[in-house]
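A.B. asks: Supplied structure: run-v7.cif, mmCIF, C-alpha atoms (C1' of nucleotides).
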```
data_work
#
loop_
_atom_site.label_atom_id
_atom_site.label_comp_id
_atom_site.auth_asym_id
_atom_site.auth_seq_id
_atom_site.Cartn_x
_atom_site.Cartn_y
_atom_site.Cartn_z
CA MET A 1 0.00 0.00 0.00
CA SER A 2 1.47 3.31 -1.10
CA THR A 3 1.45 6.52 0.90
CA ALA A 4 -1.21 7.88 -1.43
CA ASP A 5 -3.41 4.86 -0.76
CA ARG A 6 -2.96 5.22 2.95
CA GLU A 7 -3.92 8.88 2.71
CA SER A 8 -6.98 8.03 0.69
CA LEU A 9 -8.05 5.59 3.33
CA ARG A 10 -7.58 8.12 6.12
CA LEU A 11 -9.47 10.70 4.11
CA TRP A 12 -12.38 8.36 3.50
CA LEU A 13 -12.52 7.41 7.15
CA ARG A 14 -12.67 11.03 8.18
CA LEU A 15 -15.15 11.91 5.48
CA PHE A 16 -17.43 9.17 6.65
CA THR A 17 -17.11 9.96 10.35
CA THR A 18 -17.60 13.67 9.93
CA THR A 19 -20.61 13.29 7.69
CA THR A 20 -22.17 10.80 10.06
CA LEU A 21 -21.64 13.12 13.01
CA VAL A 22 -23.19 16.08 11.22
CA GLU A 23 -26.03 13.89 10.07
CA ARG A 24 -26.79 12.69 13.57
CA GLN A 25 -26.63 16.20 14.90
CA LEU A 26 -29.08 17.50 12.35
CA ASP A 27 -31.33 14.49 12.68
CA SER A 28 -31.55 14.72 16.43
CA ALA A 29 -32.14 18.47 16.26
CA LEU A 30 -34.98 17.89 13.79
CA LYS A 31 -36.42 15.25 16.12
CA ARG A 32 -36.12 17.48 19.15
CA GLU A 33 -37.51 20.65 17.61
CA PHE A 34 -39.92 19.35 15.01
CA SER A 35 -40.48 15.65 15.70
CA SER A 36 -39.17 14.98 12.21
CA THR A 37 -36.10 13.31 10.72
CA LEU A 38 -33.44 14.09 8.13
CA PRO A 39 -34.83 11.71 5.49
CA ARG A 40 -38.25 13.31 5.81
CA PHE A 41 -36.73 16.76 5.66
CA ASP A 42 -34.73 15.85 2.57
CA LEU A 43 -37.77 14.54 0.81
CA LEU A 44 -39.75 17.69 1.60
CA ALA A 45 -36.81 19.81 0.46
CA GLN A 46 -36.89 18.16 -2.95
CA LEU A 47 -40.60 18.83 -3.26
CA GLU A 48 -40.18 22.43 -2.19
CA ARG A 49 -37.92 23.00 -5.18
CA ALA A 50 -40.37 21.38 -7.54
CA PRO A 51 -43.60 23.37 -7.59
CA ASP A 52 -45.11 20.96 -10.10
CA GLY A 53 -44.39 18.00 -7.87
CA LEU A 54 -42.17 15.00 -8.47
CA ARG A 55 -42.77 11.42 -9.34
CA MET A 56 -41.81 8.66 -6.96
CA GLY A 57 -38.89 7.63 -9.12
CA GLU A 58 -37.54 11.17 -9.28
CA LEU A 59 -37.75 11.41 -5.52
CA SER A 60 -35.91 8.17 -5.02
CA GLU A 61 -33.10 9.27 -7.34
CA ARG A 62 -32.75 12.61 -5.65
CA ILE A 63 -32.73 11.49 -2.08
CA LEU A 64 -30.56 8.48 -2.91
CA THR A 65 -32.81 5.83 -1.55
CA THR A 66 -34.73 2.84 -2.88
CA GLY A 67 -38.18 2.94 -4.38
CA GLY A 68 -39.65 0.91 -1.57
CA ASN A 69 -38.38 3.39 0.93
CA VAL A 70 -39.87 6.33 -0.95
CA THR A 71 -43.23 4.58 -0.99
CA TRP A 72 -42.93 4.17 2.75
CA LEU A 73 -41.81 7.75 3.42
CA VAL A 74 -44.46 9.29 1.21
CA ARG A 75 -47.14 7.21 2.87
CA ALA A 76 -46.02 8.49 6.26
CA LEU A 77 -45.86 12.12 5.13
CA GLU A 78 -49.22 11.75 3.46
CA ALA A 79 -50.69 10.52 6.73
CA GLU A 80 -49.36 13.67 8.34
CA LYS A 81 -51.01 15.77 5.62
CA LEU A 82 -47.70 17.23 4.51
CA VAL A 83 -47.83 15.86 0.97
CA THR A 84 -50.42 14.61 -1.47
CA ARG A 85 -50.19 12.04 -4.21
CA CYS A 86 -52.11 11.93 -7.44
CA VAL A 87 -51.94 9.84 -10.54
CA SER A 88 -50.11 11.50 -13.41
CA PRO A 89 -52.54 12.56 -16.13
CA THR A 90 -50.04 11.56 -18.82
CA ASP A 91 -48.93 8.25 -17.35
CA LYS A 92 -51.28 6.26 -15.19
CA ARG A 93 -48.43 4.23 -13.71
CA ALA A 94 -46.79 7.27 -12.26
CA ALA A 95 -47.70 9.02 -9.02
CA ILE A 96 -47.03 12.70 -8.60
CA VAL A 97 -46.22 13.91 -5.13
CA ARG A 98 -46.70 17.51 -4.04
CA LEU A 99 -46.35 19.56 -0.90
CA THR A 100 -49.60 20.62 0.70
CA ALA A 101 -50.05 24.12 2.11
CA THR A 102 -49.47 22.66 5.55
CA GLY A 103 -46.40 20.88 4.22
CA LYS A 104 -45.03 24.13 2.86
CA ARG A 105 -45.51 25.92 6.15
CA HIS A 106 -44.05 23.04 8.11
CA PHE A 107 -41.07 22.78 5.79
CA ALA A 108 -40.40 26.51 5.83
CA ALA A 109 -40.10 26.48 9.60
CA MET A 110 -37.80 23.48 9.57
CA ALA A 111 -35.71 24.82 6.70
CA HIS A 112 -35.06 28.00 8.57
CA ALA A 113 -33.75 26.20 11.62
CA HIS A 114 -31.87 23.68 9.51
CA GLU A 115 -30.13 26.51 7.70
CA ARG A 116 -28.96 28.01 10.93
CA TRP A 117 -27.64 24.69 12.23
CA VAL A 118 -25.73 23.97 9.05
CA ALA A 119 -24.39 27.50 8.75
CA ASP A 120 -23.29 27.32 12.34
CA ILE A 121 -21.39 24.09 11.82
CA PHE A 122 -19.64 25.12 8.63
CA ALA A 123 -18.91 28.63 9.77
CA THR A 124 -15.81 27.15 11.35
CA LEU A 125 -14.34 26.91 7.85
CA SER A 126 -13.15 29.97 5.94
CA ALA A 127 -15.06 30.89 2.80
CA LEU A 128 -12.02 29.83 0.83
CA ASP A 129 -11.91 26.42 2.47
CA ARG A 130 -15.60 25.91 1.92
CA ARG A 131 -15.24 26.60 -1.77
CA ALA A 132 -12.18 24.38 -2.05
CA MET A 133 -13.92 21.53 -0.30
CA HIS A 134 -17.01 21.93 -2.43
CA ALA A 135 -14.87 21.64 -5.56
CA GLN A 136 -12.91 18.66 -4.26
CA LEU A 137 -16.09 16.84 -3.34
CA GLY A 138 -17.36 17.57 -6.81
CA VAL A 139 -14.46 15.63 -8.26
CA VAL A 140 -15.09 12.64 -6.03
CA LYS A 141 -18.80 12.74 -6.71
CA THR A 142 -18.24 12.70 -10.44
CA ARG A 143 -15.80 9.84 -10.11
CA VAL A 144 -18.17 7.75 -8.06
CA ARG A 145 -21.03 8.33 -10.45
CA SER A 146 -19.12 7.28 -13.53
CA PRO A 147 -19.84 3.77 -14.87
CA ARG A 148 -16.64 1.89 -14.12
CA SER A 149 -16.52 3.15 -10.55
CA THR A 150 -16.38 -0.28 -8.99
CA PRO A 151 -13.77 -2.32 -10.77
CA MET B 152 -29.54 34.20 4.53
CA SER B 153 -26.05 35.42 3.69
CA THR B 154 -23.85 34.19 0.89
CA ALA B 155 -21.72 32.33 3.39
CA ASP B 156 -24.80 30.53 4.73
CA ARG B 157 -25.88 29.60 1.25
CA GLU B 158 -22.43 28.23 0.55
CA SER B 159 -22.46 26.24 3.75
CA LEU B 160 -25.74 24.71 2.77
CA ARG B 161 -24.48 23.77 -0.69
CA LEU B 162 -21.34 22.34 0.85
CA TRP B 163 -23.31 20.21 3.30
CA LEU B 164 -25.57 18.96 0.56
CA ARG B 165 -22.63 17.89 -1.53
CA LEU B 166 -20.80 16.41 1.43
CA PHE B 167 -23.82 14.33 2.26
CA THR B 168 -24.48 13.21 -1.29
CA THR B 169 -20.90 12.32 -2.05
CA THR B 170 -20.44 10.38 1.16
CA THR B 171 -23.66 8.50 0.60
CA LEU B 172 -22.64 7.59 -2.93
CA VAL B 173 -19.23 6.32 -1.84
CA GLU B 174 -20.84 4.44 1.01
CA ARG B 175 -23.29 2.69 -1.25
CA GLN B 176 -20.57 1.82 -3.67
CA LEU B 177 -18.40 0.25 -1.00
CA ASP B 178 -21.32 -1.46 0.65
CA SER B 179 -22.53 -3.04 -2.56
CA ALA B 180 -19.01 -4.12 -3.47
CA LEU B 181 -18.62 -5.77 -0.05
CA LYS B 182 -21.93 -7.52 -0.55
CA ARG B 183 -21.05 -8.66 -4.03
CA GLU B 184 -17.53 -9.88 -3.27
CA PHE B 185 -17.76 -10.97 0.34
CA SER B 186 -21.44 -11.17 1.25
CA SER B 187 -20.72 -8.61 3.96
CA THR B 188 -21.70 -4.99 4.63
CA LEU B 189 -20.02 -1.73 5.53
CA PRO B 190 -21.21 -1.71 9.15
CA ARG B 191 -19.82 -5.21 9.67
CA PHE B 192 -16.59 -4.26 7.98
CA ASP B 193 -16.26 -1.16 10.16
CA LEU B 194 -16.79 -3.17 13.31
CA LEU B 195 -14.17 -5.72 12.29
CA ALA B 196 -11.79 -2.90 11.37
CA GLN B 197 -12.03 -1.50 14.88
CA LEU B 198 -11.27 -4.90 16.37
CA GLU B 199 -8.36 -5.41 14.02
CA ARG B 200 -6.72 -2.33 15.46
CA ALA B 201 -7.31 -3.48 19.02
CA PRO B 202 -5.42 -6.73 19.63
CA ASP B 203 -6.68 -6.84 23.21
CA GLY B 204 -10.26 -6.58 22.09
CA LEU B 205 -12.83 -3.89 22.76
CA ARG B 206 -15.81 -3.61 25.02
CA MET B 207 -19.28 -3.21 23.59
CA GLY B 208 -19.42 0.41 24.67
CA GLU B 209 -16.11 1.22 23.02
CA LEU B 210 -17.31 -0.37 19.80
CA SER B 211 -20.51 1.59 19.81
CA GLU B 212 -18.62 4.87 20.30
CA ARG B 213 -16.19 4.09 17.54
CA ILE B 214 -18.56 2.97 14.87
CA LEU B 215 -21.05 5.69 15.80
CA THR B 216 -24.03 3.52 16.46
CA THR B 217 -26.28 2.67 19.38
CA GLY B 218 -25.57 0.02 21.98
CA GLY B 219 -28.50 -2.07 20.90
CA ASN B 220 -27.19 -2.16 17.39
CA VAL B 221 -23.74 -3.25 18.51
CA THR B 222 -25.29 -6.10 20.48
CA TRP B 223 -27.10 -7.12 17.32
CA LEU B 224 -24.05 -6.84 15.04
CA VAL B 225 -21.76 -8.70 17.43
CA ARG B 226 -24.30 -11.46 17.81
CA ALA B 227 -24.41 -11.86 14.02
CA LEU B 228 -20.63 -11.82 13.64
CA GLU B 229 -20.30 -14.25 16.51
CA ALA B 230 -22.67 -16.63 14.77
CA GLU B 231 -20.38 -16.43 11.76
CA LYS B 232 -17.41 -17.27 13.98
CA LEU B 233 -15.65 -14.01 13.12
CA VAL B 234 -15.58 -12.63 16.66
CA THR B 235 -15.78 -13.97 20.21
CA ARG B 236 -17.11 -12.39 23.37
CA CYS B 237 -15.96 -12.98 26.87
CA VAL B 238 -16.71 -11.40 30.20
CA SER B 239 -14.11 -8.91 31.33
CA PRO B 240 -12.06 -10.31 34.22
CA THR B 241 -11.96 -6.89 35.88
CA ASP B 242 -15.61 -5.95 35.37
CA LYS B 243 -18.24 -8.63 35.15
CA ARG B 244 -20.72 -6.26 33.53
CA ALA B 245 -18.46 -5.69 30.54
CA ALA B 246 -18.09 -7.94 27.53
CA ILE B 247 -14.86 -8.00 25.60
CA VAL B 248 -15.08 -8.67 21.89
CA ARG B 249 -12.16 -10.01 19.90
CA LEU B 250 -11.44 -11.14 16.37
CA THR B 251 -11.05 -14.88 15.92
CA ALA B 252 -8.34 -16.31 13.67
CA THR B 253 -11.02 -16.82 11.03
CA GLY B 254 -12.18 -13.25 11.57
CA LYS B 255 -8.65 -11.96 11.05
CA ARG B 256 -8.26 -13.88 7.82
CA HIS B 257 -11.65 -12.84 6.58
CA PHE B 258 -11.04 -9.21 7.47
CA ALA B 259 -7.61 -9.16 5.86
CA ALA B 260 -9.08 -10.26 2.56
CA MET B 261 -11.85 -7.68 2.73
CA ALA B 262 -9.53 -4.93 3.87
CA HIS B 263 -7.29 -5.49 0.90
CA ALA B 264 -10.12 -5.13 -1.58
CA HIS B 265 -11.62 -2.24 0.35
CA GLU B 266 -8.31 -0.43 0.23
CA ARG B 267 -8.15 -0.76 -3.52
CA TRP B 268 -11.69 0.50 -3.98
CA VAL B 269 -11.14 3.51 -1.77
CA ALA B 270 -7.75 4.30 -3.27
CA ASP B 271 -9.28 4.08 -6.71
CA ILE B 272 -12.05 6.51 -5.85
CA PHE B 273 -9.87 9.10 -4.17
CA ALA B 274 -7.05 8.81 -6.67
CA THR B 275 -8.99 11.37 -8.69
CA LEU B 276 -7.87 13.98 -6.17
CA SER B 277 -4.31 15.29 -6.07
CA ALA B 278 -2.27 14.49 -2.99
CA LEU B 279 -2.46 18.15 -2.11
CA ASP B 280 -6.24 18.20 -2.35
CA ARG B 281 -6.53 15.06 -0.28
CA ARG B 282 -4.48 16.59 2.49
CA ALA B 283 -6.39 19.85 2.34
CA MET B 284 -9.71 18.07 2.52
CA HIS B 285 -8.56 15.90 5.39
CA ALA B 286 -7.60 19.01 7.33
CA GLN B 287 -10.82 20.84 6.52
CA LEU B 288 -12.89 17.87 7.59
CA GLY B 289 -10.89 17.80 10.80
CA VAL B 290 -12.09 21.29 11.60
CA VAL B 291 -15.72 20.38 11.00
CA LYS B 292 -15.41 17.17 12.97
CA THR B 293 -13.99 19.00 15.95
CA ARG B 294 -16.73 21.58 15.73
CA VAL B 295 -19.48 19.04 15.63
CA ARG B 296 -18.06 17.11 18.55
CA SER B 297 -17.79 20.11 20.84
CA PRO B 298 -20.53 20.48 23.49
CA ARG B 299 -22.49 23.52 22.30
CA SER B 300 -22.71 22.19 18.78
CA THR B 301 -26.46 22.31 18.55
CA PRO B 302 -27.63 25.67 19.84
"C1'" DT C 303 -20.78 -1.75 55.63
"C1'" DT C 304 -24.99 -0.58 53.09
"C1'" DC C 305 -27.93 1.40 50.10
"C1'" DA C 306 -28.56 4.78 46.42
"C1'" DT C 307 -26.43 5.91 42.04
"C1'" DT C 308 -24.13 5.09 38.12
"C1'" DT C 309 -22.40 2.18 34.53
"C1'" DA C 310 -22.40 -1.64 30.93
"C1'" DC C 311 -25.10 -4.20 28.52
"C1'" DT C 312 -29.27 -6.72 26.80
"C1'" DT C 313 -34.01 -6.92 25.51
"C1'" DG C 314 -38.20 -5.98 23.11
"C1'" DA C 315 -40.99 -2.95 20.68
"C1'" DT C 316 -40.66 0.04 16.64
"C1'" DA C 317 -38.91 2.45 12.91
"C1'" DT C 318 -36.43 2.52 8.76
"C1'" DT C 319 -34.14 0.57 4.77
"C1'" DT C 320 -33.16 -2.66 1.46
"C1'" DG C 321 -33.93 -6.10 -2.23
"C1'" DA C 322 -36.53 -9.19 -4.68
"C1'" DA C 323 -40.82 -10.27 -6.64
"C1'" DG C 324 -45.31 -8.81 -8.28
"C1'" DT C 325 -48.74 -5.67 -10.82
"C1'" DA C 326 -50.28 -2.57 -14.06
"C1'" DA C 327 -49.42 0.78 -17.80
"C1'" DT C 328 -46.56 2.21 -21.67
"C1'" DT C 329 -43.65 1.67 -25.58
"C1'" DC C 330 -41.60 -0.56 -29.43
"C1'" DG C 331 -40.97 -3.48 -33.17
"C1'" DT C 332 -43.31 -5.63 -36.38
"C1'" DA D 333 -52.83 -3.28 -33.96
"C1'" DC D 334 -50.50 -7.01 -31.01
"C1'" DG D 335 -47.51 -9.14 -28.02
"C1'" DA D 336 -42.82 -8.73 -25.92
"C1'" DA D 337 -39.97 -5.80 -23.42
"C1'" DT D 338 -39.62 -1.92 -20.47
"C1'" DT D 339 -40.98 1.24 -16.95
"C1'" DA D 340 -43.21 2.98 -12.55
"C1'" DC D 341 -44.60 1.66 -8.60
"C1'" DT D 342 -46.07 -1.29 -4.61
"C1'" DT D 343 -45.63 -5.11 -1.58
"C1'" DC D 344 -43.56 -8.22 1.51
"C1'" DA D 345 -39.96 -10.25 3.98
"C1'" DA D 346 -35.63 -9.72 5.91
"C1'" DA D 347 -31.81 -6.78 7.48
"C1'" DT D 348 -30.57 -2.80 10.33
"C1'" DA D 349 -31.16 0.83 13.44
"C1'" DT D 350 -33.21 3.37 17.22
"C1'" DC D 351 -35.23 4.09 21.72
"C1'" DA D 352 -36.91 3.08 26.11
"C1'" DA D 353 -36.93 -0.20 29.70
"C1'" DG D 354 -34.88 -3.75 32.35
"C1'" DT D 355 -30.90 -6.35 34.72
"C1'" DA D 356 -26.78 -6.97 36.98
"C1'" DA D 357 -22.34 -5.29 38.65
"C1'" DA D 358 -19.50 -1.56 40.38
"C1'" DT D 359 -18.97 2.79 42.87
"C1'" DG D 360 -19.37 5.95 46.39
"C1'" DA D 361 -21.07 8.48 50.18
"C1'" DA D 362 -22.85 8.08 54.91
#
```
Turn the structure described in the file into structure tokens.

C.D. replies:
Amino acid sequence: MSTADRESLRLWLRLFTTTTLVERQLDSALKREFSSTLPRFDLLAQLERAPDGLRMGELSERILTTGGNVTWLVRALEAEKLVTRCVSPTDKRAAIVRLTATGKRHFAAMAHAHERWVADIFATLSALDRRAMHAQLGVVKTRVRSPRSTP
Amino acid sequence: MSTADRESLRLWLRLFTTTTLVERQLDSALKREFSSTLPRFDLLAQLERAPDGLRMGELSERILTTGGNVTWLVRALEAEKLVTRCVSPTDKRAAIVRLTATGKRHFAAMAHAHERWVADIFATLSALDRRAMHAQLGVVKTRVRSPRSTP
DNA sequence: TTCATTTACTTGATATTTGAAGTAATTCGT
DNA sequence: ACGAATTACTTCAAATATCAAGTAAATGAA
């Protein structure tokens, strides 16, 4: 194992740990303040950006989870009256999910708090570092999305 | 919301996405090649580094999961003969978990492949970028571990 | 010592996530 | 237009993870 490999391994370990820690922090804050969770928040965030709603498949791609899980999440959020589902007029197989008015209000409140928490955590980095890290992550993300990622 | 806040949010989003993508890639490769998973691998990796074994509580701190989950994971790995548990001689409440010889062999094989996968993914970054990112993540990690992290 | 507290885990009930298999609607080639 | 392949989802079972008790051992103060 070369030095570069060793460094890659250390980097991945730290990337994973740090992300997990931030994730848990945000998740537990969402639970505490809003009785919600990060996955739910993420799903609502995607819908917020899509005024015309999204199909189940689009949701599952965007929040990086399986179709079965999206079905489950949407059912739960629907029960809480935060989203609605309707059959697509152009494709009867597809379901279109939208935020309800309640969902929008609820999300806006959460998003505001979430923003503050995230800003607070990453404020420890300089603007320069934040931009550098964003770019570096972009490279990794592209790499991991390309076809022959897993040899 | 200031520009800095917006950038923090974008950074967090990308951090989360990238980490999740790498995680899934590694997890599915471990499944495919070794019928294992990332959480199992992580647990074994901690034990590998601790020749004297670790207590359940130490494991749960290190792999960032709950005690109940560690009990579950260890039980599964024990059934596969990869780890053993014994009562601590100095504290009868505590259980000490160790790798078995089989566990060591099994882990060594996985670790080798895992190393290659990770090295391959992060080889897209320059050595300089890897070091920079490692340092930047260190700052965030420290921040998120400090007491008044969630205001 | 002796009992209240704390600590280390386990348990059991739930919640979440995955993956494979099933259903219905659409599309494509003919 | 017709059936085969594909696509969009749902379902169900199994794997994982959390949380809130519960149990037993260790600690510590009176």

A.B. asks: Would you kindly translate the PyMOL selection byres ((chain A) within 8 of (chain B)) into the concrete residues it picks from this file, as a ChimeraX atom specification?

C.D. replies: /A:4-12,14-22,25,29,64,115-119,121-125,127,129-131,133-134,136-141,143-145,149-151

A.B. asks: The selected residues should be written to file as a CSV table (one decimal), in the frame of the given file (atoms: C-alpha atoms).

C.D. replies:
```
chain,number,residue,atom,x,y,z
A,4,ALA,CA,-1.2,7.9,-1.4
A,5,ASP,CA,-3.4,4.9,-0.8
A,6,ARG,CA,-3.0,5.2,3.0
A,7,GLU,CA,-3.9,8.9,2.7
A,8,SER,CA,-7.0,8.0,0.7
A,9,LEU,CA,-8.0,5.6,3.3
A,10,ARG,CA,-7.6,8.1,6.1
A,11,LEU,CA,-9.5,10.7,4.1
A,12,TRP,CA,-12.4,8.4,3.5
A,14,ARG,CA,-12.7,11.0,8.2
A,15,LEU,CA,-15.2,11.9,5.5
A,16,PHE,CA,-17.4,9.2,6.6
A,17,THR,CA,-17.1,10.0,10.4
A,18,THR,CA,-17.6,13.7,9.9
A,19,THR,CA,-20.6,13.3,7.7
A,20,THR,CA,-22.2,10.8,10.1
A,21,LEU,CA,-21.6,13.1,13.0
A,22,VAL,CA,-23.2,16.1,11.2
A,25,GLN,CA,-26.6,16.2,14.9
A,29,ALA,CA,-32.1,18.5,16.3
A,64,LEU,CA,-30.6,8.5,-2.9
A,115,GLU,CA,-30.1,26.5,7.7
A,116,ARG,CA,-29.0,28.0,10.9
A,117,TRP,CA,-27.6,24.7,12.2
A,118,VAL,CA,-25.7,24.0,9.0
A,119,ALA,CA,-24.4,27.5,8.8
A,121,ILE,CA,-21.4,24.1,11.8
A,122,PHE,CA,-19.6,25.1,8.6
A,123,ALA,CA,-18.9,28.6,9.8
A,124,THR,CA,-15.8,27.2,11.4
A,125,LEU,CA,-14.3,26.9,7.8
A,127,ALA,CA,-15.1,30.9,2.8
A,129,ASP,CA,-11.9,26.4,2.5
A,130,ARG,CA,-15.6,25.9,1.9
A,131,ARG,CA,-15.2,26.6,-1.8
A,133,MET,CA,-13.9,21.5,-0.3
A,134,HIS,CA,-17.0,21.9,-2.4
A,136,GLN,CA,-12.9,18.7,-4.3
A,137,LEU,CA,-16.1,16.8,-3.3
A,138,GLY,CA,-17.4,17.6,-6.8
A,139,VAL,CA,-14.5,15.6,-8.3
A,140,VAL,CA,-15.1,12.6,-6.0
A,141,LYS,CA,-18.8,12.7,-6.7
A,143,ARG,CA,-15.8,9.8,-10.1
A,144,VAL,CA,-18.2,7.8,-8.1
A,145,ARG,CA,-21.0,8.3,-10.4
A,149,SER,CA,-16.5,3.2,-10.6
A,150,THR,CA,-16.4,-0.3,-9.0
A,151,PRO,CA,-13.8,-2.3,-10.8
```

A.B. asks: Return as CSV the residues of chain A lying at most 9 Å from chain D, together with the closest atom-to-atom pair for each and the distance in Å to one decimal, counting all atoms listed in the file, with rows in chain order and ascending residue number.

C.D. replies:
```
residue,atom,partner,partner_atom,distance
A:Met56,CA,D:DC341,C1',7.7
A:Gly57,CA,D:DA340,C1',7.2
A:Gly67,CA,D:DC341,C1',7.8
A:Gly68,CA,D:DT342,C1',7.4
A:Thr71,CA,D:DT342,C1',7.5
A:Arg93,CA,D:DA340,C1',5.5
A:Ala94,CA,D:DA340,C1',5.6
A:Ala95,CA,D:DC341,C1',8.0
```

A.B. asks: Could you check the closest approach to chain C for each of A:Leu44, A:Leu54, A:Leu73, A:Ala108 and tell me which residue wins, using all atoms listed in the file?

C.D. replies: A:Leu73

A.B. asks: Compile a residue-level contact table for chain C against chain B at a cut-off of 12 Å, reporting for every qualifying residue the shortest atom pair and its distance in Å to one decimal, with only C-alpha atoms (C1' of nucleotides) counted, rows ordered by chain and ascending number, as CSV.

C.D. replies:
```
residue,atom,partner,partner_atom,distance
C:DT309,C1',B:Arg244,CA,8.7
C:DA310,C1',B:Arg244,CA,5.6
C:DC311,C1',B:Arg244,CA,7.0
C:DT312,C1',B:Thr222,CA,7.5
C:DT313,C1',B:Gly219,CA,8.7
C:DG314,C1',B:Gly219,CA,10.7
C:DT320,C1',B:Ser179,CA,11.4
C:DG321,C1',B:Ser179,CA,11.8
```

A.B. asks: Put those residues in a file: C-alpha atoms (C1' of nucleotides), as a PDB file, keeping the file's coordinate frame.

C.D. replies:
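What ended up in selection_34.pdb:
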```pdb
ATOM      1  C1'  DT C 309     -22.400   2.180  34.530  1.00  0.00           C
ATOM      2  C1'  DA C 310     -22.400  -1.640  30.930  1.00  0.00           C
ATOM      3  C1'  DC C 311     -25.100  -4.200  28.520  1.00  0.00           C
ATOM      4  C1'  DT C 312     -29.270  -6.720  26.800  1.00  0.00           C
ATOM      5  C1'  DT C 313     -34.010  -6.920  25.510  1.00  0.00           C
ATOM      6  C1'  DG C 314     -38.200  -5.980  23.110  1.00  0.00           C
ATOM      7  C1'  DT C 320     -33.160  -2.660   1.460  1.00  0.00           C
ATOM      8  C1'  DG C 321     -33.930  -6.100  -2.230  1.00  0.00           C
TER       9       DG C 321
END
```

A.B. asks: Enclose all atoms of segment 308-318 of chain C listed in the file in an axis-aligned box, grow every side by 4 Å, and hand back centre and edge lengths in Å to one decimal, as JSON.

C.D. replies:
```
{"center_x": -31.7, "center_y": -0.9, "center_z": 23.4, "size_x": 26.6, "size_y": 20.0, "size_z": 37.4}
```

A.B. asks: Would you mind putting N, CA and C atoms back on segment 123-136 of chain A and writing the result as a PDB file, in the coordinates of the input?

C.D. replies:
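Final file, rebuild.pdb:
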```
ATOM      1  N   ALA A 123     -19.506  27.310   9.604  1.00  0.00           N
ATOM      2  CA  ALA A 123     -18.910  28.630   9.770  1.00  0.00           C
ATOM      3  C   ALA A 123     -17.490  28.514  10.328  1.00  0.00           C
ATOM      4  N   THR A 124     -17.160  27.333  10.827  1.00  0.00           N
ATOM      5  CA  THR A 124     -15.810  27.150  11.350  1.00  0.00           C
ATOM      6  C   THR A 124     -14.782  27.106  10.222  1.00  0.00           C
ATOM      7  N   LEU A 125     -15.263  26.891   8.995  1.00  0.00           N
ATOM      8  CA  LEU A 125     -14.340  26.910   7.850  1.00  0.00           C
ATOM      9  C   LEU A 125     -14.331  28.304   7.226  1.00  0.00           C
ATOM     10  N   SER A 126     -13.202  28.693   6.655  1.00  0.00           N
ATOM     11  CA  SER A 126     -13.150  29.970   5.940  1.00  0.00           C
ATOM     12  C   SER A 126     -13.918  29.810   4.636  1.00  0.00           C
ATOM     13  N   ALA A 127     -14.322  30.933   4.063  1.00  0.00           N
ATOM     14  CA  ALA A 127     -15.060  30.890   2.800  1.00  0.00           C
ATOM     15  C   ALA A 127     -14.219  30.189   1.735  1.00  0.00           C
ATOM     16  N   LEU A 128     -12.938  30.435   1.792  1.00  0.00           N
ATOM     17  CA  LEU A 128     -12.020  29.830   0.830  1.00  0.00           C
ATOM     18  C   LEU A 128     -12.021  28.314   0.969  1.00  0.00           C
ATOM     19  N   ASP A 129     -11.912  27.861   2.212  1.00  0.00           N
ATOM     20  CA  ASP A 129     -11.910  26.420   2.470  1.00  0.00           C
ATOM     21  C   ASP A 129     -13.218  25.774   2.039  1.00  0.00           C
ATOM     22  N   ARG A 130     -14.298  26.471   2.304  1.00  0.00           N
ATOM     23  CA  ARG A 130     -15.600  25.910   1.920  1.00  0.00           C
ATOM     24  C   ARG A 130     -15.664  25.717   0.410  1.00  0.00           C
ATOM     25  N   ARG A 131     -15.186  26.718  -0.308  1.00  0.00           N
ATOM     26  CA  ARG A 131     -15.240  26.600  -1.770  1.00  0.00           C
ATOM     27  C   ARG A 131     -14.322  25.487  -2.251  1.00  0.00           C
ATOM     28  N   ALA A 132     -13.134  25.411  -1.642  1.00  0.00           N
ATOM     29  CA  ALA A 132     -12.180  24.380  -2.050  1.00  0.00           C
ATOM     30  C   ALA A 132     -12.788  22.995  -1.820  1.00  0.00           C
ATOM     31  N   MET A 133     -13.376  22.821  -0.652  1.00  0.00           N
ATOM     32  CA  MET A 133     -13.920  21.530  -0.300  1.00  0.00           C
ATOM     33  C   MET A 133     -15.085  21.170  -1.223  1.00  0.00           C
ATOM     34  N   HIS A 134     -15.891  22.150  -1.528  1.00  0.00           N
ATOM     35  CA  HIS A 134     -17.010  21.930  -2.430  1.00  0.00           C
ATOM     36  C   HIS A 134     -16.496  21.419  -3.777  1.00  0.00           C
ATOM     37  N   ALA A 135     -15.443  22.033  -4.268  1.00  0.00           N
ATOM     38  CA  ALA A 135     -14.870  21.640  -5.560  1.00  0.00           C
ATOM     39  C   ALA A 135     -14.271  20.235  -5.480  1.00  0.00           C
ATOM     40  N   GLN A 136     -13.536  19.979  -4.402  1.00  0.00           N
ATOM     41  CA  GLN A 136     -12.910  18.660  -4.260  1.00  0.00           C
ATOM     42  C   GLN A 136     -13.967  17.559  -4.177  1.00  0.00           C
TER      43      GLN A 136
END
```
